[in-house]
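Containing PDB, C-alpha atoms: start-v7.pdb.
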ATOM      1  CA  MET Z   1       0.000   0.000   0.000
ATOM      2  CA  TRP Z   2       1.289   3.426  -0.912
ATOM      3  CA  ASP Z   3       1.655   5.759   2.075
ATOM      4  CA  LYS Z   4       0.676   9.396   1.945
ATOM      5  CA  ALA Z   5       3.652  11.728   1.584
ATOM      6  CA  ASN Z   6       3.725  13.500   4.953
ATOM      7  CA  HIS Z   7       7.099  15.250   5.178
ATOM      8  CA  GLN Z   8       8.704  12.311   6.941
ATOM      9  CA  GLY Z   9      11.832  10.538   5.822
ATOM     10  CA  ALA Z  10      15.481   9.855   6.495
ATOM     11  CA  GLY Z  11      18.082  12.298   7.737
ATOM     12  CA  PHE Z  12      20.235  14.807   5.879
ATOM     13  CA  LYS Z  13      22.651  13.452   3.272
ATOM     14  CA  ILE Z  14      25.452  16.019   2.920
ATOM     15  CA  LEU Z  15      28.566  15.819   0.737
ATOM     16  CA  ILE Z  16      31.416  18.314   1.126
ATOM     17  CA  TRP Z  17      34.516  18.180  -1.027
ATOM     18  CA  GLY Z  18      37.460  20.523  -0.746
ATOM     19  CA  PRO Z  19      41.217  20.956  -0.283
ATOM     20  CA  PRO Z  20      43.152  19.897   2.827
ATOM     21  CA  GLY Z  21      42.782  22.174   5.822
ATOM     22  CA  CYS Z  22      39.301  23.571   5.150
ATOM     23  CA  TRP Z  23      37.853  22.013   8.354
ATOM     24  CA  LYS Z  24      35.804  19.239   6.706
ATOM     25  CA  THR Z  25      36.568  16.679   9.423
ATOM     26  CA  ARG Z  26      36.179  19.108  12.330
ATOM     27  CA  LEU Z  27      32.837  20.327  10.963
ATOM     28  CA  MET Z  28      31.548  16.768  10.774
ATOM     29  CA  LEU Z  29      32.567  16.152  14.395
ATOM     30  CA  ARG Z  30      31.167  19.470  15.655
ATOM     31  CA  LEU Z  31      27.829  18.994  13.914
ATOM     32  CA  GLY Z  32      27.351  15.556  15.449
ATOM     33  CA  ASN Z  33      28.822  16.365  18.855
ATOM     34  CA  VAL Z  34      26.925  16.020  22.151
ATOM     35  CA  PRO Z  35      27.807  17.252  25.669
ATOM     36  CA  ASN Z  36      30.030  15.116  27.882
ATOM     37  CA  GLY Z  37      28.036  12.358  29.549
ATOM     38  CA  ALA Z  38      25.293  12.295  26.885
ATOM     39  CA  GLU Z  39      24.818   9.286  24.620
ATOM     40  CA  MET Z  40      27.018   9.624  21.566
ATOM     41  CA  LYS Z  41      25.021  10.195  18.388
ATOM     42  CA  LEU Z  42      27.807  10.272  15.780
ATOM     43  CA  ALA Z  43      29.798   7.381  14.318
ATOM     44  CA  VAL Z  44      32.632   7.908  11.835
ATOM     45  CA  LEU Z  45      34.043   5.607   9.180
ATOM     46  CA  ASP Z  46      37.608   6.914   9.153
ATOM     47  CA  SER Z  47      39.638   5.915   6.106
ATOM     48  CA  GLU Z  48      42.639   8.147   6.814
ATOM     49  CA  SER Z  49      42.916   8.155  10.635
ATOM     50  CA  GLY Z  50      42.207  11.878  10.559
ATOM     51  CA  THR Z  51      39.825  11.877  13.525
ATOM     52  CA  PHE Z  52      42.401  10.671  16.076
ATOM     53  CA  HIS Z  53      43.580  14.244  16.598
ATOM     54  CA  TYR Z  54      40.166  15.244  17.958
ATOM     55  CA  ASP Z  55      39.424  12.432  20.415
ATOM     56  CA  ASP Z  56      39.726  14.740  23.420
ATOM     57  CA  GLN Z  57      37.522  17.449  21.888
ATOM     58  CA  PHE Z  58      34.474  15.596  20.606
ATOM     59  CA  ASN Z  59      32.282  12.642  21.615
ATOM     60  CA  PHE Z  60      31.895  10.094  18.813
ATOM     61  CA  ARG Z  61      32.371   6.455  17.862
ATOM     62  CA  ARG Z  62      34.869   5.383  15.202
ATOM     63  CA  GLU Z  63      35.803   2.500  12.935
ATOM     64  CA  ILE Z  64      39.030   2.514  10.923
ATOM     65  CA  GLY Z  65      39.189   0.860   7.505
ATOM     66  CA  ILE Z  66      39.225   1.334   3.743
ATOM     67  CA  ASP Z  67      37.103  -1.594   2.537
ATOM     68  CA  MET Z  68      33.553  -0.793   1.386
ATOM     69  CA  ASP Z  69      32.163  -4.265   2.052
ATOM     70  CA  GLU Z  70      33.500  -4.243   5.621
ATOM     71  CA  ALA Z  71      32.128  -0.734   6.098
ATOM     72  CA  ARG Z  72      28.647  -1.911   5.077
ATOM     73  CA  GLU Z  73      28.756  -4.646   7.734
ATOM     74  CA  LYS Z  74      29.822  -2.136  10.381
ATOM     75  CA  ILE Z  75      26.985   0.233   9.464
ATOM     76  CA  ALA Z  76      24.484  -2.601   9.955
ATOM     77  CA  LYS Z  77      25.792  -3.100  13.518
ATOM     78  CA  LEU Z  78      25.608   0.526  14.660
ATOM     79  CA  PRO Z  79      24.041   0.927  18.132
ATOM     80  CA  SER Z  80      20.587   2.535  18.246
ATOM     81  CA  PRO Z  81      21.569   5.905  19.828
ATOM     82  CA  ILE Z  82      23.614   6.736  16.703
ATOM     83  CA  VAL Z  83      21.697   9.057  14.371
ATOM     84  CA  SER Z  84      24.563  10.413  12.231
ATOM     85  CA  LEU Z  85      27.283   8.709  10.205
ATOM     86  CA  GLY Z  86      30.439  10.425   8.980
ATOM     87  CA  VAL Z  87      32.491   9.089   6.063
ATOM     88  CA  ASP Z  88      35.946  10.686   6.040
ATOM     89  CA  SER Z  89      36.938  10.552   3.309
ATOM     90  CA  TYR Z  90      35.130   8.783   0.476
ATOM     91  CA  SER Z  91      38.032   9.397  -1.921
ATOM     92  CA  ILE Z  92      40.239   6.904  -0.072
ATOM     93  CA  PHE Z  93      37.441   4.308   0.073
ATOM     94  CA  ASP Z  94      37.070   4.636  -3.692
ATOM     95  CA  ARG Z  95      40.793   4.386  -4.444
ATOM     96  CA  SER Z  96      41.022   1.325  -2.205
ATOM     97  CA  THR Z  97      38.136  -0.326  -4.064
ATOM     98  CA  LYS Z  98      39.761   0.363  -7.441
ATOM     99  CA  LYS Z  99      43.015  -1.160  -6.221
ATOM    100  CA  LYS Z 100      41.192  -4.234  -4.937
ATOM    101  CA  TRP Z 101      39.647  -4.907  -8.327
ATOM    102  CA  ASN Z 102      42.895  -4.122 -10.148
ATOM    103  CA  ASP Z 103      44.675  -6.714  -7.990
ATOM    104  CA  LEU Z 104      41.941  -9.293  -8.594
ATOM    105  CA  TYR Z 105      42.128  -8.894 -12.369
ATOM    106  CA  LEU Z 106      45.919  -8.910 -12.214
ATOM    107  CA  LYS Z 107      45.805 -12.376 -10.621
ATOM    108  CA  ARG Z 108      42.969 -13.882 -12.645
ATOM    109  CA  LEU Z 109      43.206 -12.470 -16.145
ATOM    110  CA  ILE Z 110      46.852 -12.906 -17.036
ATOM    111  CA  THR Z 111      46.081 -13.234 -20.746
ATOM    112  CA  SER Z 112      44.002 -10.047 -20.835
ATOM    113  CA  SER Z 113      45.129  -7.229 -23.124
ATOM    114  CA  GLY Z 114      45.173  -4.898 -20.108
ATOM    115  CA  HIS Z 115      47.543  -7.086 -18.104
ATOM    116  CA  HIS Z 116      51.051  -5.620 -17.797
ATOM    117  CA  LYS Z 117      52.673  -7.905 -15.203
ATOM    118  CA  GLU Z 118      53.025  -5.361 -12.411
ATOM    119  CA  PHE Z 119      49.683  -3.586 -12.870
ATOM    120  CA  TYR Z 120      46.322  -3.905 -14.579
ATOM    121  CA  VAL Z 121      44.365  -1.305 -16.546
ATOM    122  CA  LEU Z 122      40.625  -1.636 -15.994
ATOM    123  CA  GLN Z 123      38.839  -2.501 -19.235
ATOM    124  CA  PRO Z 124      35.350  -1.094 -20.065
ATOM    125  CA  ASN Z 125      33.486  -4.197 -18.875
ATOM    126  CA  ASP Z 126      35.550  -4.407 -15.686
ATOM    127  CA  HIS Z 127      33.863  -1.314 -14.266
ATOM    128  CA  GLN Z 128      30.640  -3.268 -13.697
ATOM    129  CA  ASN Z 129      32.025  -4.941 -10.553
ATOM    130  CA  LEU Z 130      33.598  -1.721  -9.308
ATOM    131  CA  ASN Z 131      30.387   0.241  -9.824
ATOM    132  CA  GLN Z 132      28.308  -2.496  -8.197
ATOM    133  CA  GLU Z 133      30.401  -2.303  -5.015
ATOM    134  CA  ARG Z 134      30.104   1.494  -5.022
ATOM    135  CA  ASP Z 135      26.341   1.269  -5.496
ATOM    136  CA  LEU Z 136      25.908  -1.240  -2.658
ATOM    137  CA  PHE Z 137      27.898   0.984  -0.299
ATOM    138  CA  ILE Z 138      25.857   4.072  -1.156
ATOM    139  CA  GLN Z 139      22.589   2.131  -1.000
ATOM    140  CA  THR Z 140      23.480   1.010   2.520
ATOM    141  CA  LEU Z 141      23.948   4.654   3.514
ATOM    142  CA  LEU Z 142      20.653   5.709   1.945
ATOM    143  CA  GLU Z 143      18.671   2.894   3.578
ATOM    144  CA  SER Z 144      20.198   3.435   7.014
ATOM    145  CA  ASN Z 145      17.837   6.270   8.076
ATOM    146  CA  LEU Z 146      20.925   8.080   9.326
ATOM    147  CA  ASN Z 147      22.179  11.563   8.713
ATOM    148  CA  VAL Z 148      25.203  11.087   6.453
ATOM    149  CA  PHE Z 149      28.026  13.610   6.372
ATOM    150  CA  MET Z 150      30.585  12.618   3.723
ATOM    151  CA  THR Z 151      33.846  14.334   2.854
ATOM    152  CA  ALA Z 152      35.928  13.982  -0.296
ATOM    153  CA  GLU Z 153      39.200  15.292  -1.661
ATOM    154  CA  ILE Z 154      39.598  17.494  -4.741
ATOM    155  CA  LYS Z 155      41.104  16.969  -8.171
ATOM    156  CA  ASN Z 156      41.703  19.169 -11.194
ATOM    157  CA  ASP Z 157      38.747  19.722 -13.505
ATOM    158  CA  TRP Z 158      40.072  19.285 -17.040
ATOM    159  CA  GLU Z 159      38.719  20.218 -20.449
ATOM    160  CA  GLY Z 160      41.032  18.687 -23.002
ATOM    161  CA  LEU Z 161      44.528  19.702 -21.881
ATOM    162  CA  LYS Z 162      43.356  22.768 -19.952
ATOM    163  CA  VAL Z 163      42.633  22.888 -16.223
ATOM    164  CA  LEU Z 164      39.397  24.799 -15.651
ATOM    165  CA  GLY Z 165      39.460  24.603 -11.851
ATOM    166  CA  VAL Z 166      38.856  21.951  -9.215
ATOM    167  CA  THR Z 167      36.098  19.423  -8.561
ATOM    168  CA  GLY Z 168      35.402  16.603  -6.141
ATOM    169  CA  ASP Z 169      37.516  13.457  -6.365
ATOM    170  CA  LEU Z 170      34.418  11.325  -6.907
ATOM    171  CA  PRO Z 171      32.896   8.906  -9.444
ATOM    172  CA  GLU Z 172      30.825  10.386 -12.264
ATOM    173  CA  ARG Z 173      27.273  11.433 -11.293
ATOM    174  CA  PHE Z 174      28.031  10.662  -7.636
ATOM    175  CA  GLU Z 175      26.630  14.003  -6.449
ATOM    176  CA  HIS Z 176      23.090  13.078  -7.591
ATOM    177  CA  ILE Z 177      22.764  10.755  -4.594
ATOM    178  CA  PHE Z 178      23.040  13.502  -1.978
ATOM    179  CA  ASP Z 179      20.549  16.109  -0.776
ATOM    180  CA  THR Z 180      23.190  18.767  -0.282
ATOM    181  CA  VAL Z 181      26.502  19.097  -2.118
ATOM    182  CA  ILE Z 182      29.047  21.797  -1.267
ATOM    183  CA  GLY Z 183      32.314  22.418  -3.091
ATOM    184  CA  ILE Z 184      35.080  24.243  -1.201
ATOM    185  CA  SER Z 185      37.842  26.023  -3.110
ATOM    186  CA  GLU Z 186      40.585  28.515  -2.365
ATOM    187  CA  ARG Z 187      39.824  32.148  -3.146
ATOM    188  CA  GLY Z 188      42.927  32.642  -5.266
ATOM    189  CA  ARG Z 189      46.604  33.454  -5.098
ATOM    190  CA  ASP Z 190      46.198  36.939  -3.636
ATOM    191  CA  LEU Z 191      43.227  36.217  -1.348
ATOM    192  CA  VAL Z 192      43.241  34.397   1.969
ATOM    193  CA  GLY Z 193      40.594  31.838   2.871
ATOM    194  CA  TYR Z 194      38.075  29.711   1.034
ATOM    195  CA  LYS Z 195      34.693  29.975  -0.615
ATOM    196  CA  ALA Z 196      31.865  27.442  -0.511
ATOM    197  CA  LYS Z 197      29.599  26.952  -3.512
ATOM    198  CA  VAL Z 198      26.313  25.144  -2.943
ATOM    199  CA  LEU Z 199      26.172  22.900  -5.993
ATOM    200  CA  LYS Z 200      22.889  21.344  -4.904
ATOM    201  CA  ASP Z 201      20.472  21.591  -1.982
ATOM    202  CA  ARG Z 202      17.030  20.026  -1.999
ATOM    203  CA  SER Z 203      16.656  20.513   1.749
ATOM    204  CA  HIS Z 204      16.154  24.279   1.122
ATOM    205  CA  ILE Z 205      18.356  25.070   4.116
ATOM    206  CA  LEU Z 206      20.997  26.672   1.905
ATOM    207  CA  GLU Z 207      20.541  28.497  -1.379
ATOM    208  CA  ALA Z 208      21.506  26.433  -4.415
ATOM    209  CA  ASN Z 209      24.232  27.910  -6.669
ATOM    210  CA  LYS Z 210      25.073  30.549  -4.059
ATOM    211  CA  VAL Z 211      28.676  31.144  -2.980
ATOM    212  CA  TYR Z 212      29.149  31.533   0.787
ATOM    213  CA  ASP Z 213      32.162  32.834   2.718
ATOM    214  CA  TRP Z 214      34.234  30.031   4.269
ATOM    215  CA  ASN Z 215      37.162  32.011   5.627
ATOM    216  CA  SER Z 216      37.385  30.449   9.091
ATOM    217  CA  GLU Z 217      36.200  27.373  10.938
ATOM    218  CA  GLU Z 218      33.676  29.446  12.886
ATOM    219  CA  GLN Z 219      32.257  30.939   9.701
ATOM    220  CA  ALA Z 220      31.964  27.487   8.161
ATOM    221  CA  TYR Z 221      30.327  26.120  11.314
ATOM    222  CA  ASP Z 222      27.844  29.010  11.481
ATOM    223  CA  LEU Z 223      26.735  28.034   7.983
ATOM    224  CA  MET Z 224      26.601  24.261   8.442
ATOM    225  CA  LYS Z 225      25.016  24.122  11.905
ATOM    226  CA  ARG Z 226      21.722  24.961  10.198
ATOM    227  CA  PHE Z 227      21.700  21.201   9.571
ATOM    228  CA  ASP Z 228      20.925  19.707  12.986
ATOM    229  CA  LEU Z 229      22.655  16.332  12.795
ATOM    230  CA  THR Z 230      22.072  15.450  16.447
ATOM    231  CA  VAL Z 231      18.330  14.830  16.038
ATOM    232  CA  LEU Z 232      16.676  12.948  13.209
ATOM    233  CA  ASN Z 233      13.319  14.048  11.844
ATOM    234  CA  PRO Z 234      10.157  12.117  12.852
ATOM    235  CA  GLY Z 235      10.272   9.845   9.820
ATOM    236  CA  ALA Z 236      13.720   8.538  10.629
ATOM    237  CA  LYS Z 237      12.848   8.067  14.297
ATOM    238  CA  LYS Z 238       9.803   6.055  13.292
ATOM    239  CA  ALA Z 239      11.930   3.823  11.081
ATOM    240  CA  GLU Z 240      14.343   3.180  13.953
ATOM    241  CA  ALA Z 241      11.600   2.343  16.471
ATOM    242  CA  PRO Z 242      11.376  -1.449  15.869
ATOM    243  CA  ALA Z 243      15.125  -1.946  16.304
ATOM    244  CA  ALA Z 244      15.301   0.298  19.351
ATOM    245  CA  ALA Z 245      12.254  -1.215  21.085
ATOM    246  CA  VAL Z 246      14.216  -4.125  22.549
ATOM    247  CA  THR Z 247      16.716  -1.797  24.190
ATOM    248  CA  ILE Z 248      14.295   0.852  25.418
ATOM    249  CA  ALA Z 249      11.535  -1.486  26.644
ATOM    250  CA  GLU Z 250      13.423  -2.444  29.831
ATOM    251  CA  ASP Z 251      13.934   1.123  31.107
ATOM    252  CA  LYS Z 252      11.637   3.661  29.525
ATOM    253  CA  PRO Z 253       8.199   2.136  30.253
ATOM    254  CA  ALA Z 254       9.179   1.537  33.908
ATOM    255  CA  GLN Z 255      10.282   5.135  34.225
ATOM    256  CA  GLU Z 256       7.022   6.378  32.687
ATOM    257  CA  GLN Z 257       4.975   4.245  35.107
ATOM    258  CA  VAL Z 258       6.725   5.909  38.030
ATOM    259  CA  VAL Z 259       6.477   9.474  36.717
ATOM    260  CA  THR Z 260       2.953   9.429  35.295
ATOM    261  CA  PRO Z 261       1.008   8.849  38.553
ATOM    262  CA  ALA Z 262       2.952  11.617  40.328
ATOM    263  CA  ALA Z 263       1.865  14.404  37.984
ATOM    264  CA  PRO Z 264       3.013  17.305  40.192
ATOM    265  CA  ALA Z 265       6.547  15.892  40.451
ATOM    266  CA  ALA Z 266       7.192  15.897  36.698
ATOM    267  CA  PRO Z 267       7.036  19.683  36.161
ATOM    268  CA  ALA Z 268       9.328  20.235  39.152
ATOM    269  CA  GLU Z 269      11.910  17.896  37.627
ATOM    270  CA  VAL Z 270      11.756  19.685  34.276
ATOM    271  CA  LYS Z 271      12.040  23.048  36.019
ATOM    272  CA  THR Z 272      15.175  21.921  37.839
ATOM    273  CA  ASP Z 273      16.743  20.640  34.620
ATOM    274  CA  THR Z 274      15.833  23.845  32.791
ATOM    275  CA  GLN Z 275      17.280  26.049  35.521
ATOM    276  CA  THR Z 276      20.517  24.052  35.511
ATOM    277  CA  LEU Z 277      20.820  24.408  31.744
ATOM    278  CA  LEU Z 278      20.088  28.144  31.885
ATOM    279  CA  THR Z 279      22.788  28.598  34.506
ATOM    280  CA  GLU Z 280      25.209  26.722  32.257
ATOM    281  CA  VAL Z 281      24.270  28.939  29.291
ATOM    282  CA  VAL Z 282      25.059  32.080  31.328
ATOM    283  CA  SER Z 283      28.389  30.610  32.420
ATOM    284  CA  LEU Z 284      29.366  29.579  28.868
ATOM    285  CA  LYS Z 285      28.404  32.987  27.477
ATOM    286  CA  LYS Z 286      30.718  34.602  30.011
ATOM    287  CA  GLN Z 287      33.574  32.178  29.232
ATOM    288  CA  LEU Z 288      33.251  32.858  25.513
ATOM    289  CA  GLY Z 289      33.155  36.606  26.088
ATOM    290  CA  ILE Z 290      30.070  37.112  23.911
ATOM    291  CA  ASN Z 291      29.071  40.731  24.488
ATOM    292  CA  ASP Z 292      27.745  41.543  21.027
ATOM    293  CA  LYS Z 293      23.942  41.621  21.369
ATOM    294  CA  GLU Z 294      23.355  41.062  17.648
ATOM    295  CA  LYS Z 295      25.642  38.024  17.599
ATOM    296  CA  TRP Z 296      23.916  36.580  20.678
ATOM    297  CA  ALA Z 297      20.468  37.228  19.174
ATOM    298  CA  LYS Z 298      21.499  35.400  15.998
ATOM    299  CA  MET Z 299      22.725  32.421  18.026
ATOM    300  CA  LEU Z 300      19.358  32.313  19.807
ATOM    301  CA  THR Z 301      17.318  32.478  16.600
ATOM    302  CA  ASP Z 302      19.453  29.727  15.054
ATOM    303  CA  ILE Z 303      17.954  27.463  17.737
ATOM    304  CA  ASP Z 304      14.438  28.952  17.708
ATOM    305  CA  PRO Z 305      13.560  31.763  15.256
ATOM    306  CA  LYS Z 306      10.910  33.088  17.687
ATOM    307  CA  ALA Z 307      13.098  33.153  20.810
ATOM    308  CA  ALA Z 308      14.276  36.462  22.232
ATOM    309  CA  SER Z 309      15.928  34.814  25.228
ATOM    310  CA  ALA Z 310      17.307  31.404  26.180
ATOM    311  CA  LYS Z 311      14.563  31.282  28.815
ATOM    312  CA  GLU Z 312      12.073  30.697  25.995
ATOM    313  CA  PHE Z 313      13.829  27.496  24.874
ATOM    314  CA  SER Z 314      12.452  24.054  25.598
ATOM    315  CA  PRO Z 315      14.715  21.720  27.654
ATOM    316  CA  GLU Z 316      15.693  19.937  24.435
ATOM    317  CA  GLN Z 317      16.589  23.225  22.735
ATOM    318  CA  LEU Z 318      18.558  24.326  25.804
ATOM    319  CA  GLN Z 319      20.537  21.089  25.777
ATOM    320  CA  LYS Z 320      21.429  21.597  22.117
ATOM    321  CA  PHE Z 321      22.335  25.256  22.756
ATOM    322  CA  VAL Z 322      24.656  24.248  25.606
ATOM    323  CA  GLY Z 323      26.313  21.703  23.288
ATOM    324  CA  ASP Z 324      26.805  24.364  20.589
ATOM    325  CA  LEU Z 325      28.349  26.794  23.090
ATOM    326  CA  LYS Z 326      30.684  24.149  24.486
ATOM    327  CA  ALA Z 327      31.879  23.372  20.966
ATOM    328  CA  LEU Z 328      32.999  27.006  20.642
ATOM    329  CA  LEU Z 329      35.293  26.808  23.673
ATOM    330  CA  PRO Z 330      38.976  26.854  22.744
ATOM    331  CA  SER Z 331      40.532  23.408  22.688
TER     332      SER Z 331
END
Rewrite the coordinates I just gave you, this time as structure tokens.
Amino acid sequence: MWDKANHQGAGFKILIWGPPGCWKTRLMLRLGNVPNGAEMKLAVLDSESGTFHYDDQFNFRREIGIDMDEAREKIAKLPSPIVSLGVDSYSIFDRSTKKKWNDLYLKRLITSSGHHKEFYVLQPNDHQNLNQERDLFIQTLLESNLNVFMTAEIKNDWEGLKVLGVTGDLPERFEHIFDTVIGISERGRDLVGYKAKVLKDRSHILEANKVYDWNSEEQAYDLMKRFDLTVLNPGAKKAEAPAAAVTIAEDKPAQEQVVTPAAPAAPAEVKTDTQTLLTEVVSLKKQLGINDKEKWAKMLTDIDPKAASAKEFSPEQLQKFVGDLKALLPS
């Protein structure tokens, strides 16, 4: 039976490609970060061991490897609290997969015209197996009901023998799979910093074909935190419910049975939590030295467009706001 389209679905699928040093990995970790002591919501498939440098700054799970088939198995075994998956970077996964198939053909097709003893040149028909493995990996990501934040390296964009600029180091038509695709490039020889072009965005959070400033990590984070990767939308939560029911059934119903009869106690508990979070917001604001009223107002409206004060936030919004402020603290 066909279900009515009701604005429910999986999480954000974001692809960012760019040169080294433009904060791709740090952005992924900041967007999926949670406060200390909270359940981790981000898992990262790390193909280049680039996340090790940030273990003491962010809360996340990690698997190291460069094999797509192994990565698919690991995705299937992710624990239920995880709502976001980082792939850093896809370019290395893809190069590893090409090498795997080159080595297989080198061993098996010695009489092939592409066989040159020490290496093998993929023939037109050989790409079927390579593309099938790519497709299975991407399909696993799409069916996972996770937010996916994928990074990729850059390569020269050629037309004949002329370099026109740079593009993502990705297979052809790869960008069609993602909801949001952002290309980062340097401003030029005489200009410092980077620029971010939104090549595609069907989430309508960013403006397609617009070029945004990307001159610092904070500027990049201010742009990308519009995508809330710590909480999935209702559709994705609904899809996760059957798998999570076994884990939650032991604790959550028992807790609800205790709280529900004592109706007056529940608001008092929420009030205490809210007051604690508000106190933490005030403390973090002071530590960060945020005295600019316009900047503070913008930070508030990024959480809730109607809020004029943190006191108007819900406990969930306050918790996210505290996490965002903590991420701004110097490491």
Legend entry - Atomic distance CA of Leu141 (chain Z) - CA of Ser47 (chain Z), expressed in Å with one decimal: 16.0 Å
Please write as a compact mmCIF listing (two decimals) with C-alpha atoms, in the coordinates of the input the list of polymer residues whose atoms come within 10 Å of (18.9, 23.6, 9.5), counting all atoms listed in the file and keeping to the coordinates of the file.
# COMPACT_ATOMS: atom_id res chain seq x y z
CA PHE Z 12 20.24 14.81 5.88
CA SER Z 203 16.66 20.51 1.75
CA HIS Z 204 16.15 24.28 1.12
CA ILE Z 205 18.36 25.07 4.12
CA LEU Z 206 21.00 26.67 1.90
CA LEU Z 223 26.74 28.03 7.98
CA MET Z 224 26.60 24.26 8.44
CA LYS Z 225 25.02 24.12 11.90
CA ARG Z 226 21.72 24.96 10.20
CA PHE Z 227 21.70 21.20 9.57
CA ASP Z 228 20.92 19.71 12.99
CA LEU Z 229 22.66 16.33 12.80
CA ASP Z 302 19.45 29.73 15.05
CA ILE Z 303 17.95 27.46 17.74
Inset, instruction - Name the residues that the PyMOL selection byres ((chain Z and resi 175) around 12) pulls out of this structure, and write them as an NGL selection string. - result: :Z and (13-17 or 138 or 150-152 or 167-174 or 176-183 or 198-201)
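Taking CA of Glu316 (chain Z) as the reference point, CA of Thr230 (chain Z) is found at 11.2 Å.
Picked out by the PyMOL selection byres ((chain Z and resi 94) around 9) when it runs on this file: Ile66, Asp67, Met68, Tyr90, Ser91, Ile92, Phe93, Arg95, Ser96, Thr97, Lys98, Lys99, Arg134, Leu170 and Pro171 of chain Z.
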Legend entry - Shortest interatomic distance to Gly11 (chain Z) - which of Z:Glu143, Z:Glu218, Z:Asp55, Z:Asp69, counting all atoms listed in the file: Z:Glu143
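Using only C-alpha atoms, the contacts of Glu63 (chain Z) at a cut-off of 9 Å, with sequence neighbours closer than 2 positions omitted, comprise Ala43, Val44, Leu45, Asp46, Ser47, Arg61, Gly65, Ala71 and Lys74 of chain Z.
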Write out, as a compact mmCIF listing (two decimals), in the coordinates of the input, the residues just selected, with C-alpha atoms.
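To be explicit, this is the file written out as out.txt:
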# COMPACT_ATOMS: atom_id res chain seq x y z
CA ALA Z 43 29.80 7.38 14.32
CA VAL Z 44 32.63 7.91 11.84
CA LEU Z 45 34.04 5.61 9.18
CA ASP Z 46 37.61 6.91 9.15
CA SER Z 47 39.64 5.92 6.11
CA ARG Z 61 32.37 6.46 17.86
CA GLY Z 65 39.19 0.86 7.50
CA ALA Z 71 32.13 -0.73 6.10
CA LYS Z 74 29.82 -2.14 10.38
Inset, instruction - Just give me the gap between CA of Arg26 (chain Z) and CA of Gly165 (chain Z) in Å, one decimal is fine. - result: 25.0 Å
Using only C-alpha atoms, which protein or nucleic acid residues come within 7 Å of Leu85 (chain Z)? Drop anything in the same chain fewer than 3 positions from it, and give the result as a tab-separated table (two decimals) with C-alpha atoms, keeping the file's coordinate frame.
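The resulting file, part.tsv, is shown below:
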chain	number	residue	atom	x	y	z
Z	42	LEU	CA	27.81	10.27	15.78
Z	43	ALA	CA	29.80	7.38	14.32
Z	44	VAL	CA	32.63	7.91	11.84
Z	146	LEU	CA	20.92	8.08	9.33
Z	147	ASN	CA	22.18	11.56	8.71
Z	148	VAL	CA	25.20	11.09	6.45
Z	149	PHE	CA	28.03	13.61	6.37
Inset, instruction - Enumerate, as a list in words, the residues matched when the PyMOL selection byres ((chain Z and resi 321) around 9) is run on the file above. - result: Val281, Met299, Leu300, Ile303, Ala310, Glu316, Gln317, Leu318, Gln319, Lys320, Val322, Gly323, Asp324, Leu325 and Lys326 of chain Z
Inset, instruction - Kindly provide, as a count of residues only, the polymer residues lying within 9 Å of (38.3, 25.9, 0.6), counting all atoms listed in the file and using the coordinates exactly as they appear in the file. - result: 18
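Using only C-alpha atoms, the smallest distance between any of Z:Ser89, Z:Ser309, Z:Asn131, Z:Asn291 and Glu153 (chain Z) comes from Z:Ser89.
Among the candidates Z:Leu130, Z:Leu136, Z:Ile290, Z:Leu31, the one nearest to Glu70 (chain Z) when counting only C-alpha atoms is Z:Leu136.
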Give the padded box for region 80-90 of chain Z as AutoDock Vina command-line options: axis-aligned, covering all atoms listed in the file, 6 Å on each side, centre and edge lengths in Å to one decimal.
--center_x 28.8 --center_y 6.6 --center_z 10.2 --size_x 28.4 --size_y 20.2 --size_z 31.4
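Among the candidates Z:Asp88, Z:Arg202, Z:Ala327, Z:Thr279, the residue lying nearest to Glu217 (chain Z) is Z:Ala327 (atoms considered: only C-alpha atoms).
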Mind dumping region 39-51 of chain Z from that block, keeping C-alpha atoms, as an mmCIF file, in the first residue's frame?
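The new file result.cif reads:
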data_model
loop_
_atom_site.group_PDB
_atom_site.id
_atom_site.type_symbol
_atom_site.label_atom_id
_atom_site.label_comp_id
_atom_site.auth_asym_id
_atom_site.auth_seq_id
_atom_site.Cartn_x
_atom_site.Cartn_y
_atom_site.Cartn_z
ATOM 1 C CA GLU Z 39 24.818 9.286 24.620
ATOM 2 C CA MET Z 40 27.018 9.624 21.566
ATOM 3 C CA LYS Z 41 25.021 10.195 18.388
ATOM 4 C CA LEU Z 42 27.807 10.272 15.780
ATOM 5 C CA ALA Z 43 29.798 7.381 14.318
ATOM 6 C CA VAL Z 44 32.632 7.908 11.835
ATOM 7 C CA LEU Z 45 34.043 5.607 9.180
ATOM 8 C CA ASP Z 46 37.608 6.914 9.153
ATOM 9 C CA SER Z 47 39.638 5.915 6.106
ATOM 10 C CA GLU Z 48 42.639 8.147 6.814
ATOM 11 C CA SER Z 49 42.916 8.155 10.635
ATOM 12 C CA GLY Z 50 42.207 11.878 10.559
ATOM 13 C CA THR Z 51 39.825 11.877 13.525
#
